[in-house]
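Undergrad: Input file: target_39.txt. Contents: compact mmCIF, C-alpha atoms.
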# COMPACT_ATOMS: atom_id res chain seq x y z
CA MET A 207 23.96 64.83 26.17
CA ILE A 208 24.91 61.17 26.55
CA ALA A 209 21.26 60.09 26.72
CA VAL A 210 20.43 62.23 23.67
CA MET A 211 23.22 60.59 21.64
CA ILE A 212 22.20 57.08 22.68
CA GLU A 213 18.59 57.80 21.78
CA GLN A 214 19.65 59.21 18.41
CA LEU A 215 21.77 56.11 17.79
CA LEU A 216 18.82 53.85 18.50
CA ARG A 217 16.06 55.85 16.79
CA ASP A 218 17.70 57.99 14.09
CA ARG A 219 20.88 56.46 12.70
CA PRO A 220 20.90 58.60 9.52
CA GLY A 221 20.79 61.61 11.86
CA MET A 222 23.67 60.20 13.90
CA THR A 223 25.65 59.64 10.70
CA ALA A 224 24.96 63.20 9.59
CA ARG A 225 26.11 64.42 13.00
CA ILE A 226 29.36 62.47 12.60
CA GLN A 227 29.90 63.83 9.07
CA SER A 228 29.48 67.38 10.34
CA GLY A 229 32.22 67.03 12.95
CA GLY A 230 30.48 64.93 15.58
CA ARG A 231 31.92 66.69 18.61
CA GLY A 232 31.82 64.37 21.62
CA VAL A 233 30.57 61.35 19.67
CA ILE A 234 33.73 59.23 20.02
CA PRO A 235 34.05 59.37 23.83
CA VAL A 236 30.33 58.74 24.33
CA MET A 237 30.30 55.80 21.92
CA LEU A 238 33.45 54.33 23.49
CA ALA A 239 31.74 54.54 26.89
CA VAL A 240 28.58 52.92 25.47
CA ILE A 241 30.65 50.05 24.06
CA ALA A 242 32.61 49.59 27.28
CA VAL A 243 29.56 49.56 29.58
CA SER A 244 27.41 47.46 27.23
CA MET A 245 30.05 44.83 26.64
CA ILE A 246 30.94 44.63 30.33
CA VAL A 247 27.28 43.78 30.97
CA VAL A 248 27.12 41.25 28.10
CA GLY A 249 30.50 39.75 29.06
CA ALA A 250 29.45 39.34 32.68
CA ALA A 251 26.22 37.65 31.55
CA LEU A 252 28.17 35.24 29.32
CA GLY A 253 30.74 34.56 32.04
CA SER A 254 27.95 33.73 34.47
CA TYR A 255 27.43 30.47 32.53
CA ARG A 256 30.61 29.20 34.24
CA GLY A 257 30.50 31.64 37.17
CA GLY A 258 33.27 32.80 39.50
CA VAL A 259 36.23 34.66 38.07
CA GLN A 260 35.09 33.94 34.48
CA ILE A 261 32.44 36.67 34.93
CA ALA A 262 35.22 39.25 35.36
CA TYR A 263 37.39 37.75 32.61
CA ALA A 264 34.62 37.88 29.99
CA ALA A 265 33.56 41.36 31.14
CA ILE A 266 37.12 42.64 30.61
CA LYS A 267 37.70 40.95 27.24
CA LEU A 268 34.49 41.70 25.31
CA PRO A 269 34.92 45.52 25.30
CA MET A 270 38.49 44.93 24.06
CA VAL A 271 37.13 42.96 21.07
CA LEU A 272 34.89 45.77 19.84
CA ILE A 273 37.26 48.66 20.53
CA GLY A 274 40.16 46.70 19.00
CA THR A 275 38.05 46.01 15.90
CA ALA A 276 37.38 49.73 15.50
CA LEU A 277 41.07 50.62 15.91
CA LEU A 278 42.16 48.03 13.33
CA SER A 279 39.34 48.51 10.78
CA ALA A 280 38.77 52.27 10.67
CA PRO A 281 42.15 53.05 8.99
CA ALA A 282 41.20 50.59 6.22
CA LEU A 283 37.97 52.51 5.55
CA THR A 284 39.89 55.79 5.37
CA ALA A 285 42.62 54.30 3.19
CA ILE A 286 40.24 52.69 0.70
CA GLY A 287 38.20 55.90 0.45
CA THR A 288 41.31 58.06 0.00
CA ALA A 289 42.72 55.70 -2.63
CA LEU A 290 39.52 56.19 -4.63
CA GLY A 291 39.77 59.96 -4.43
CA ARG A 292 37.68 60.84 -1.38
CA PRO A 293 39.21 63.40 1.01
CA SER A 294 41.03 61.69 3.89
CA LYS A 295 38.80 61.67 7.02
CA LEU A 296 40.31 59.30 9.58
CA ARG A 297 38.56 60.87 12.57
CA THR A 298 35.14 60.81 10.88
CA ASP A 299 35.62 57.21 9.74
CA PHE A 300 36.71 56.15 13.21
CA ALA A 301 33.65 57.88 14.71
CA LEU A 302 31.38 56.10 12.21
CA VAL A 303 32.89 52.68 12.93
CA ILE A 304 32.79 53.22 16.69
CA ALA A 305 29.16 54.45 16.53
CA ALA A 306 28.15 51.40 14.48
CA LEU A 307 29.83 49.11 16.99
CA ALA A 308 28.11 50.95 19.83
CA PHE A 309 24.78 50.26 18.09
CA GLY A 310 25.68 46.57 17.87
CA ALA A 311 26.71 46.59 21.54
CA LEU A 312 23.35 48.08 22.54
CA LEU A 313 21.55 45.35 20.56
CA LEU A 314 23.60 42.76 22.45
CA VAL A 315 22.67 44.35 25.79
CA SER A 316 19.04 43.94 24.78
CA CYS A 317 19.78 40.20 24.39
CA THR A 318 21.20 39.92 27.92
CA PRO A 319 17.90 38.72 29.45
CA LEU A 320 17.89 35.86 26.93
CA ILE A 321 21.43 34.92 27.99
CA LEU A 322 20.39 34.95 31.63
CA VAL A 323 17.28 32.88 30.88
CA GLY A 324 19.46 30.33 29.09
CA ARG A 325 21.76 30.24 32.11
CA ALA A 326 18.81 29.86 34.50
CA LEU A 327 17.31 27.02 32.44
CA GLU A 328 20.77 25.37 32.22
CA VAL A 329 20.66 25.14 28.43
CA PRO A 330 23.34 22.64 27.24
CA TYR A 331 26.74 24.20 26.40
CA HIS A 332 26.68 23.71 22.62
CA ARG A 333 23.12 25.00 22.22
CA PHE A 334 24.05 27.98 24.38
CA ILE A 335 27.08 28.66 22.15
CA LEU A 336 24.92 28.52 19.01
CA ALA A 337 22.39 30.93 20.53
CA VAL A 338 25.17 33.37 21.49
CA VAL A 339 26.73 33.14 18.01
CA ALA A 340 23.31 33.94 16.49
CA MET A 341 22.94 37.00 18.76
CA PHE A 342 26.42 38.28 17.89
CA ALA A 343 25.80 37.65 14.19
CA ILE A 344 22.62 39.74 14.26
CA ALA A 345 24.39 42.55 16.14
CA GLY A 346 27.37 42.37 13.77
CA LEU A 347 25.17 42.57 10.68
CA ALA A 348 23.32 45.55 12.15
CA SER A 349 26.66 47.30 12.78
CA LEU A 350 27.83 46.54 9.24
CA ARG A 351 24.58 47.89 7.82
CA MET A 352 25.13 51.16 9.66
CA ILE A 353 28.71 51.38 8.37
CA VAL A 354 27.61 50.68 4.79
CA ARG A 355 24.88 53.34 4.92
CA GLY A 356 27.12 55.80 6.75
CA SER A 357 29.94 55.27 4.25
CA GLY A 358 27.46 55.92 1.45
CA GLN A 359 26.63 59.28 3.03
CA SER A 360 30.32 60.13 3.43
CA TRP A 361 30.87 60.39 -0.35
CA SER A 362 29.92 63.95 -1.14
CA GLY A 363 26.47 63.12 -2.55
CA ALA A 364 24.90 60.27 -4.45
CA ASP A 365 25.52 61.84 -7.86
CA SER A 366 29.25 62.29 -7.33
CA ARG A 367 29.90 58.83 -5.87
CA PRO A 368 32.87 57.31 -7.67
CA ALA A 369 32.34 54.02 -9.44
CA GLY A 370 34.49 52.07 -7.00
CA SER A 371 32.78 53.19 -3.79
CA THR A 372 30.55 50.12 -3.56
CA ALA A 373 33.54 47.82 -3.99
CA ALA A 374 35.42 49.86 -1.38
CA VAL A 375 32.66 49.51 1.20
CA GLY A 376 32.43 45.81 0.36
CA GLY A 377 36.17 45.50 0.96
CA LEU A 378 35.80 47.27 4.27
CA CYS A 379 33.05 44.82 5.29
CA VAL A 380 35.42 41.91 4.58
CA VAL A 381 38.19 43.53 6.68
CA PHE A 382 35.73 44.33 9.46
CA ALA A 383 34.32 40.79 9.61
CA LEU A 384 37.77 39.14 9.47
CA VAL A 385 39.28 41.40 12.14
CA CYS A 386 36.30 41.17 14.48
CA GLY A 387 36.09 37.40 14.08
CA GLN A 388 39.82 36.87 14.61
CA LEU A 389 40.03 39.27 17.58
CA ALA A 390 37.08 37.57 19.26
CA TRP A 391 38.76 34.22 18.54
CA ALA A 392 42.15 35.32 19.91
CA LEU A 393 40.64 36.61 23.17
CA ARG A 394 38.40 33.61 23.87
CA PRO A 395 37.10 31.93 26.02
CA TYR A 396 34.01 33.87 27.10
CA LEU A 397 31.82 30.89 27.78
CA VAL A 398 33.59 28.03 29.54
CA ARG A 399 32.45 24.43 29.65
CA PRO A 400 31.19 23.43 33.10
CA ARG A 401 34.08 20.98 33.71
CA ALA A 402 36.86 22.96 32.02
CA GLU A 403 39.46 25.00 33.86
CA VAL A 404 39.00 28.77 33.83
CA GLU A 405 41.77 30.72 32.06
CA PHE A 406 42.02 34.35 30.96
CA LEU A 407 43.32 33.53 27.47
CA ARG A 408 43.85 30.27 25.65
CA PRO A 409 47.25 29.63 24.10
CA VAL A 410 47.52 30.60 20.40
CA GLU A 411 46.10 27.65 18.50
CA GLY A 412 45.69 29.14 15.06
CA SER A 413 43.25 31.52 13.45
CA LEU A 414 39.50 31.36 13.22
CA VAL A 415 39.92 30.24 9.60
CA ASP A 416 42.28 27.43 10.68
CA SER A 417 39.71 26.31 13.22
CA ILE A 418 36.86 26.35 10.71
CA ALA A 419 39.00 24.26 8.33
CA GLN A 420 39.73 21.80 11.16
CA ALA A 421 36.03 21.64 12.11
CA LEU A 422 35.12 20.91 8.47
CA ASP A 423 37.71 18.12 8.40
CA SER A 424 36.33 16.70 11.66
CA ALA A 425 32.80 16.82 10.22
CA ARG A 426 34.07 14.70 7.29
CA GLY A 427 35.66 12.21 9.68
CA ILE A 428 39.23 13.44 9.20
CA TYR A 429 40.77 13.87 12.66
CA ARG A 430 44.20 15.34 13.39
CA ARG A 431 44.54 13.80 16.88
CA GLU A 432 43.65 10.46 18.45
CA ARG A 433 41.07 11.87 20.87
CA ALA A 434 40.08 15.16 22.50
CA PRO A 435 42.25 15.79 25.58
CA LEU A 436 40.72 15.99 29.06
CA PRO A 437 41.26 19.26 30.99
CA ALA A 438 44.11 17.82 33.09
CA GLU A 439 45.95 16.67 29.94
CA GLU A 440 45.93 20.01 28.08
CA MET B 859 46.52 63.97 0.88
CA PRO B 860 49.76 65.91 0.11
CA PHE B 861 52.28 64.41 -2.30
CA PRO B 862 55.09 63.86 0.27
CA ALA B 863 52.72 61.88 2.49
CA ARG B 864 51.71 59.69 -0.47
CA LEU B 865 55.36 59.18 -1.36
CA VAL B 866 56.14 58.06 2.19
CA LEU B 867 53.17 55.67 2.18
CA VAL B 868 53.96 54.16 -1.21
CA THR B 869 57.52 53.52 0.00
CA CYS B 870 56.74 52.31 3.52
CA ALA B 871 53.57 50.26 3.01
CA PRO B 872 55.24 47.60 0.79
CA VAL B 873 58.13 47.43 3.29
CA ALA B 874 55.61 46.85 6.09
CA LEU B 875 53.86 44.12 4.08
CA GLY B 876 57.24 42.53 3.39
CA GLY B 877 57.91 42.79 7.14
CA ILE B 878 54.87 40.63 7.90
CA VAL B 879 56.12 37.95 5.52
CA ALA B 880 59.66 38.32 6.87
CA LEU B 881 58.45 37.77 10.44
CA ARG B 882 56.74 34.51 9.50
CA THR B 883 59.50 33.21 7.26
CA ALA B 884 62.38 34.36 9.52
CA SER B 885 64.09 35.86 6.47
CA ALA B 886 64.82 39.53 5.82
CA GLY B 887 64.53 39.13 2.04
CA PRO B 888 60.86 40.15 1.68
CA LEU B 889 61.56 43.51 3.38
CA ALA B 890 63.44 44.67 0.29
CA ALA B 891 61.84 42.35 -2.25
CA VAL B 892 58.26 43.63 -1.94
CA PRO B 893 59.00 47.33 -2.62
CA ALA B 894 61.44 46.24 -5.35
CA ILE B 895 58.65 44.26 -7.02
CA VAL B 896 56.21 47.18 -6.79
CA PHE B 897 58.52 49.81 -8.24
CA GLY B 898 60.25 47.41 -10.62
CA VAL B 899 57.05 46.13 -12.20
CA VAL B 900 55.61 49.64 -12.57
CA ALA B 901 58.86 50.89 -14.11
CA ALA B 902 59.02 47.94 -16.49
CA THR B 903 55.41 47.99 -17.68
CA ALA B 904 54.28 51.64 -17.52
CA PRO B 905 56.05 52.70 -20.77
CA ALA B 906 54.25 49.90 -22.60
CA LEU B 907 50.87 51.36 -21.63
CA TYR B 908 51.81 54.77 -23.05
CA ILE B 909 53.33 53.34 -26.22
CA ALA B 910 50.39 51.03 -26.94
CA SER B 911 47.83 53.78 -26.20
CA ALA B 912 49.71 56.29 -28.36
CA ALA B 913 50.04 53.82 -31.21
CA ALA B 914 46.29 53.19 -31.03
CA GLY B 915 45.67 56.93 -31.05
CA SER B 916 44.04 57.04 -27.63
CA ALA B 917 46.90 58.11 -25.34
CA PRO B 918 46.60 61.27 -23.25
CA PRO B 919 49.60 63.66 -23.27
CA LEU B 920 52.73 62.23 -21.64
CA GLY B 921 52.44 64.62 -18.68
CA THR B 922 48.88 63.49 -18.00
CA MET B 923 49.97 59.86 -18.22
CA VAL B 924 52.84 60.41 -15.74
CA ARG B 925 50.54 62.28 -13.34
CA ALA B 926 47.92 59.50 -13.60
CA LEU B 927 50.53 56.83 -12.86
CA GLY B 928 51.78 58.86 -9.88
CA THR B 929 48.25 59.26 -8.54
CA ALA B 930 47.55 55.55 -8.97
CA LEU B 931 50.82 54.62 -7.27
CA GLY B 932 49.90 56.98 -4.41
CA ALA B 933 46.47 55.35 -4.17
CA PHE B 934 48.20 51.96 -4.00
CA GLY B 935 50.38 53.16 -1.11
CA VAL B 936 47.47 54.67 0.81
CA ALA B 937 45.26 51.60 0.35
CA LEU B 938 48.05 49.22 1.31
CA ALA B 939 48.93 51.32 4.37
CA GLY B 940 45.33 51.02 5.57
CA LEU B 941 45.24 47.27 4.99
CA VAL B 942 48.64 46.48 6.51
CA LEU B 943 47.41 46.87 10.09
CA PRO B 944 44.54 44.36 9.88
CA ALA B 945 46.71 42.07 7.72
CA ALA B 946 49.48 42.10 10.33
CA PHE B 947 46.98 41.35 13.08
CA LEU B 948 45.41 38.46 11.17
CA ALA B 949 48.77 37.00 10.13
CA LEU B 950 50.53 37.31 13.47
CA THR B 951 47.70 35.86 15.56
CA SER B 952 47.69 32.69 13.49
CA ILE B 953 50.16 29.83 13.71
CA ALA B 954 49.57 28.68 10.11
CA THR B 955 51.94 30.13 7.53
CA THR B 956 49.19 29.67 4.93
CA THR B 957 47.10 32.28 6.74
CA THR B 958 49.96 34.80 6.40
CA LEU B 959 50.23 34.00 2.71
CA VAL B 960 46.49 34.37 2.10
CA VAL B 961 46.12 37.55 4.16
CA THR B 962 49.13 39.39 2.71
CA THR B 963 48.24 38.34 -0.83
CA GLY B 964 44.68 39.54 -0.26
CA ALA B 965 45.86 42.93 1.04
CA LEU B 966 48.26 43.35 -1.89
CA ALA B 967 45.61 42.31 -4.43
CA ALA B 968 43.07 44.73 -2.96
CA ALA B 969 45.56 47.62 -3.08
CA VAL B 970 46.53 46.77 -6.66
CA GLY B 971 42.86 46.57 -7.67
CA LEU B 972 42.13 49.99 -6.18
CA ALA B 973 45.21 51.48 -7.86
CA LEU B 974 44.17 50.09 -11.26
CA TRP B 975 40.67 51.45 -10.76
CA ARG B 976 42.10 54.86 -9.94
CA LEU B 977 44.46 54.77 -12.93
CA HIS B 978 41.54 53.87 -15.20
CA ASP B 979 39.61 56.90 -13.92
CA GLU B 980 42.60 59.27 -14.09
CA LEU B 981 43.29 58.29 -17.71
CA GLY B 982 39.74 59.25 -18.63
CA ARG B 983 38.47 55.76 -19.43
CA PRO B 984 41.15 54.47 -21.81
CA GLN B 985 40.54 51.78 -24.46
CA LEU B 986 39.53 48.70 -22.50
CA ALA B 987 41.44 46.24 -24.71
CA ILE B 988 44.75 48.06 -24.24
CA PHE B 989 44.27 48.94 -20.58
CA GLY B 990 42.91 45.49 -19.71
CA THR B 991 45.75 43.67 -21.47
CA TRP B 992 48.33 45.92 -19.79
CA ALA B 993 46.70 45.45 -16.38
CA LEU B 994 46.60 41.67 -16.81
CA ALA B 995 50.23 41.52 -17.89
CA THR B 996 51.32 43.78 -15.01
CA CYS B 997 49.38 41.73 -12.45
CA ALA B 998 50.71 38.46 -13.87
CA LEU B 999 54.31 39.70 -13.74
CA GLY B 1000 53.92 41.13 -10.22
CA GLY B 1001 52.03 38.06 -9.06
CA ARG B 1002 54.74 35.73 -10.35
CA LEU B 1003 57.46 37.69 -8.54
CA TRP B 1004 55.34 37.87 -5.36
CA TRP B 1005 54.89 34.11 -5.48
CA GLU B 1006 58.67 33.71 -5.72
CA VAL B 1007 59.00 35.76 -2.52
CA VAL B 1008 56.35 34.09 -0.42
CA SER B 1009 56.92 30.52 -1.56
Output the structure of this file as structure tokens.

TA:
Amino acid sequence: MIAVMIEQLLRDRPGMTARIQSGGRGVIPVMLAVIAVSMIVVGAALGSYRGGVQIAYAAIKLPMVLIGTALLSAPALTAIGTALGRPSKLRTDFALVIAALAFGALLLVSCTPLILVGRALEVPYHRFILAVVAMFAIAGLASLRMIVRGSGQSWSGADSRPAGSTAAVGGLCVVFALVCGQLAWALRPYLVRPRAEVEFLRPVEGSLVDSIAQALDSARGIYRRERAPLPAEE
Amino acid sequence: MPFPARLVLVTCAPVALGGIVALRTASAGPLAAVPAIVFGVVAATAPALYIASAAAGSAPPLGTMVRALGTALGAFGVALAGLVLPAAFLALTSIATTTTLVVTTGALAAAVGLALWRLHDELGRPQLAIFGTWALATCALGGRLWWEVVS
């Protein structure tokens, strides 16, 4: 049954969405297991860039990012839909979000050989980061696409879709991207610089948005500190 | 969703949003101020919508208008309840107070937008000039009071 569901997720996503809409018995536990196993594999591959205990740290944290995103985003999908007059379907919405994230997780597992090749070729840290960000962006967009299409199916037919449904799904995409980005940011690091100390979590330094604003300032030559601290000084 | 559940959500969701602001500002004021703004602004501006629509000859019966406002207020509560959780997460994992301001304002604006959309549908597509002017005035009044709270 597990293999059948995974194959349906990879080959027939409209069918998987229809299965979820019709009750989707057993979908949530299977998809949670897919996310957990997939992200443990991806996390371990990312952690191998630094090696040692970082392999375990990244393998523990990455599944938390995706499952946490589902827990925080799915109620928003239900709430926005209900506010626009759709019947309240929290369980179905959660199943849809978790299935979409499982699809993204499977895409990331398929990228694991590339991560390992990068590690084997000792690709420089910043290039490695950019490559990983690109992989996660592709997987994230694929997950969002599945949510958008699945949400479209959840309104009771194309003819009866209320006028605000597109805006609602757009709003959900914003929530999903913000929550996933911030959760991934809060639980970093996954990759660790070769000379940096390994730590499970970094202290709270601000949000992803704060960091992007700081990076933009730095790119314009506006620095908020004299110099970057060395590991022993942090 | 049953009416009592909507009533609970429309009462509790603004309190929860005020709670996020209260946590970051270390002041209990927003806990009461946010629901007061929501109910106060609706109470102050809703009669104007009925009067203007009736005067223009396009108002639905009073009962329909009251039901539509109740449905829209319920939609506001449900939408805000769904957005409070991600908003709390985003605000509380950031050290910048500006992030809290942006996130809570965004959640409130989204819930208000959905409620206005729902009200527009429930009223059977009212005259755009009247409804649009009323919506703008309501948002401006609510936005001004919200700014007083968060600033």

Undergrad: Do you have, as a tab-separated table, the list of residues of chain B lying at most 8 Å from chain A, each with its nearest atom pair and that distance in Å to one decimal, counting all atoms listed in the file and ordered by chain then number?

TA:
residue	atom	partner	partner_atom	distance
B:Met859	CA	A:Ser294	CA	6.7
B:Ala930	CA	A:Ala289	CA	8.0
B:Gly932	CA	A:Ala289	CA	7.5
B:Ala933	CA	A:Ala289	CA	4.1
B:Phe934	CA	A:Ala289	CA	6.8
B:Val936	CA	A:Ala285	CA	5.4
B:Ala937	CA	A:Ala285	CA	4.7
B:Leu938	CA	A:Ala285	CA	7.7
B:Ala939	CA	A:Ala285	CA	7.1
B:Gly940	CA	A:Ala282	CA	4.2
B:Leu941	CA	A:Ala282	CA	5.4
B:Leu943	CA	A:Leu278	CA	6.3
B:Pro944	CA	A:Leu278	CA	5.6
B:Phe947	CA	A:Val385	CA	7.8
B:Leu948	CA	A:Gln388	CA	6.8
B:Thr951	CA	A:Ser413	CA	6.6
B:Ser952	CA	A:Gly412	CA	4.4
B:Ile953	CA	A:Gly412	CA	4.7
B:Ala954	CA	A:Gly412	CA	6.3
B:Thr957	CA	A:Ser413	CA	7.8
B:Ala968	CA	A:Gly377	CA	8.0
B:Leu972	CA	A:Ala289	CA	6.7
B:Ala973	CA	A:Ala289	CA	7.2
B:Trp975	CA	A:Gly370	CA	7.3
B:Arg976	CA	A:Leu290	CA	6.1

Undergrad: Any idea what's packed within 12 Å of Thr963 of chain B, counting only C-alpha atoms, ignoring anything in its chain fewer than 2 positions away? Could you give it as a PDB file with C-alpha atoms, in the frame of the given file?

TA:
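Output (part33.pdb):
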ATOM      1  CA  PRO B 872      55.240  47.600   0.790  1.00  0.00           C
ATOM      2  CA  LEU B 875      53.860  44.120   4.080  1.00  0.00           C
ATOM      3  CA  GLY B 876      57.240  42.530   3.390  1.00  0.00           C
ATOM      4  CA  ILE B 878      54.870  40.630   7.900  1.00  0.00           C
ATOM      5  CA  VAL B 879      56.120  37.950   5.520  1.00  0.00           C
ATOM      6  CA  VAL B 892      58.260  43.630  -1.940  1.00  0.00           C
ATOM      7  CA  LEU B 938      48.050  49.220   1.310  1.00  0.00           C
ATOM      8  CA  LEU B 941      45.240  47.270   4.990  1.00  0.00           C
ATOM      9  CA  VAL B 942      48.640  46.480   6.510  1.00  0.00           C
ATOM     10  CA  ALA B 945      46.710  42.070   7.720  1.00  0.00           C
ATOM     11  CA  ALA B 946      49.480  42.100  10.330  1.00  0.00           C
ATOM     12  CA  ALA B 949      48.770  37.000  10.130  1.00  0.00           C
ATOM     13  CA  THR B 956      49.190  29.670   4.930  1.00  0.00           C
ATOM     14  CA  THR B 957      47.100  32.280   6.740  1.00  0.00           C
ATOM     15  CA  THR B 958      49.960  34.800   6.400  1.00  0.00           C
ATOM     16  CA  LEU B 959      50.230  34.000   2.710  1.00  0.00           C
ATOM     17  CA  VAL B 960      46.490  34.370   2.100  1.00  0.00           C
ATOM     18  CA  VAL B 961      46.120  37.550   4.160  1.00  0.00           C
ATOM     19  CA  ALA B 965      45.860  42.930   1.040  1.00  0.00           C
ATOM     20  CA  LEU B 966      48.260  43.350  -1.890  1.00  0.00           C
ATOM     21  CA  ALA B 967      45.610  42.310  -4.430  1.00  0.00           C
ATOM     22  CA  ALA B 968      43.070  44.730  -2.960  1.00  0.00           C
ATOM     23  CA  ALA B 969      45.560  47.620  -3.080  1.00  0.00           C
ATOM     24  CA  VAL B 970      46.530  46.770  -6.660  1.00  0.00           C
ATOM     25  CA  GLY B 971      42.860  46.570  -7.670  1.00  0.00           C
ATOM     26  CA  GLY B1000      53.920  41.130 -10.220  1.00  0.00           C
ATOM     27  CA  GLY B1001      52.030  38.060  -9.060  1.00  0.00           C
ATOM     28  CA  ARG B1002      54.740  35.730 -10.350  1.00  0.00           C
ATOM     29  CA  TRP B1004      55.340  37.870  -5.360  1.00  0.00           C
ATOM     30  CA  TRP B1005      54.890  34.110  -5.480  1.00  0.00           C
ATOM     31  CA  VAL B1007      59.000  35.760  -2.520  1.00  0.00           C
ATOM     32  CA  VAL B1008      56.350  34.090  -0.420  1.00  0.00           C
ATOM     33  CA  SER B1009      56.920  30.520  -1.560  1.00  0.00           C
TER      34      SER B1009
END

Undergrad: What's the 12 Å shell around segment 224-235 of chain A, counting all atoms listed in the file, without same-chain residues fewer than 3 positions away, as JSON, numbers by chain?

TA: {"A": [207, 208, 209, 210, 211, 212, 214, 215, 218, 219, 220, 221, 238, 239, 240, 241, 242, 273, 276, 295, 296, 297, 298, 299, 300, 301, 302, 303, 304, 305, 306, 307, 308, 353, 355, 356, 357, 358, 359, 360, 361, 362]}

Undergrad: Excluding Ile266 of chain A and any residue of its chain fewer than 3 positions from it, enumerate the residues within 10 Å of it, using all atoms listed in the file, and give them as a ChimeraX atom specification.

TA: /A:242,245-247,249-250,260-263,269-271,396,406

Undergrad: A:Leu393, A:Leu252, A:Val375, A:Ile428: which is nearest Pro409 of chain A, counting all atoms listed in the file?

TA: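 Once distances to Pro409 of chain A are computed over all atoms listed in the file, the minimum belongs to A:Leu393.
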
Undergrad: Select, from A:Ala402, A:Leu397, A:Ala345, A:Met237, the residue with the minimum atom-to-atom distance to Lys267 of chain A, counting only C-alpha atoms.

TA: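 Comparing A:Ala402, A:Leu397, A:Ala345, A:Met237 against Lys267 of chain A, the winner is A:Leu397.
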
Undergrad: Interatomic distance between atom CA of Glu1006 of chain B and atom CA of Ala891 of chain B?

TA: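 Atom CA of Ala891 of chain B lies at a distance of 9.8 Å from atom CA of Glu1006 of chain B.
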
Undergrad: Please tell me which residues are no farther than 6 Å from (57.2, 44.3, -10.9) in the file, counting only C-alpha atoms, and write them as a ChimeraX atom specification.

TA: /B:895-896,898-900,1000

Undergrad: For the selection just defined, write its residues with C-alpha atoms to a file, as a CSV table (one decimal), in the coordinates of the input.

TA:
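Below is the file that was written, result35.csv:
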chain,number,residue,atom,x,y,z
B,895,ILE,CA,58.6,44.3,-7.0
B,896,VAL,CA,56.2,47.2,-6.8
B,898,GLY,CA,60.2,47.4,-10.6
B,899,VAL,CA,57.0,46.1,-12.2
B,900,VAL,CA,55.6,49.6,-12.6
B,1000,GLY,CA,53.9,41.1,-10.2

Undergrad: How far is it from atom CA of Gly921 of chain B to atom CA of Val868 of chain B, in Å with one decimal?

TA: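 Separating atom CA of Gly921 of chain B from atom CA of Val868 of chain B is a distance of 20.4 Å.
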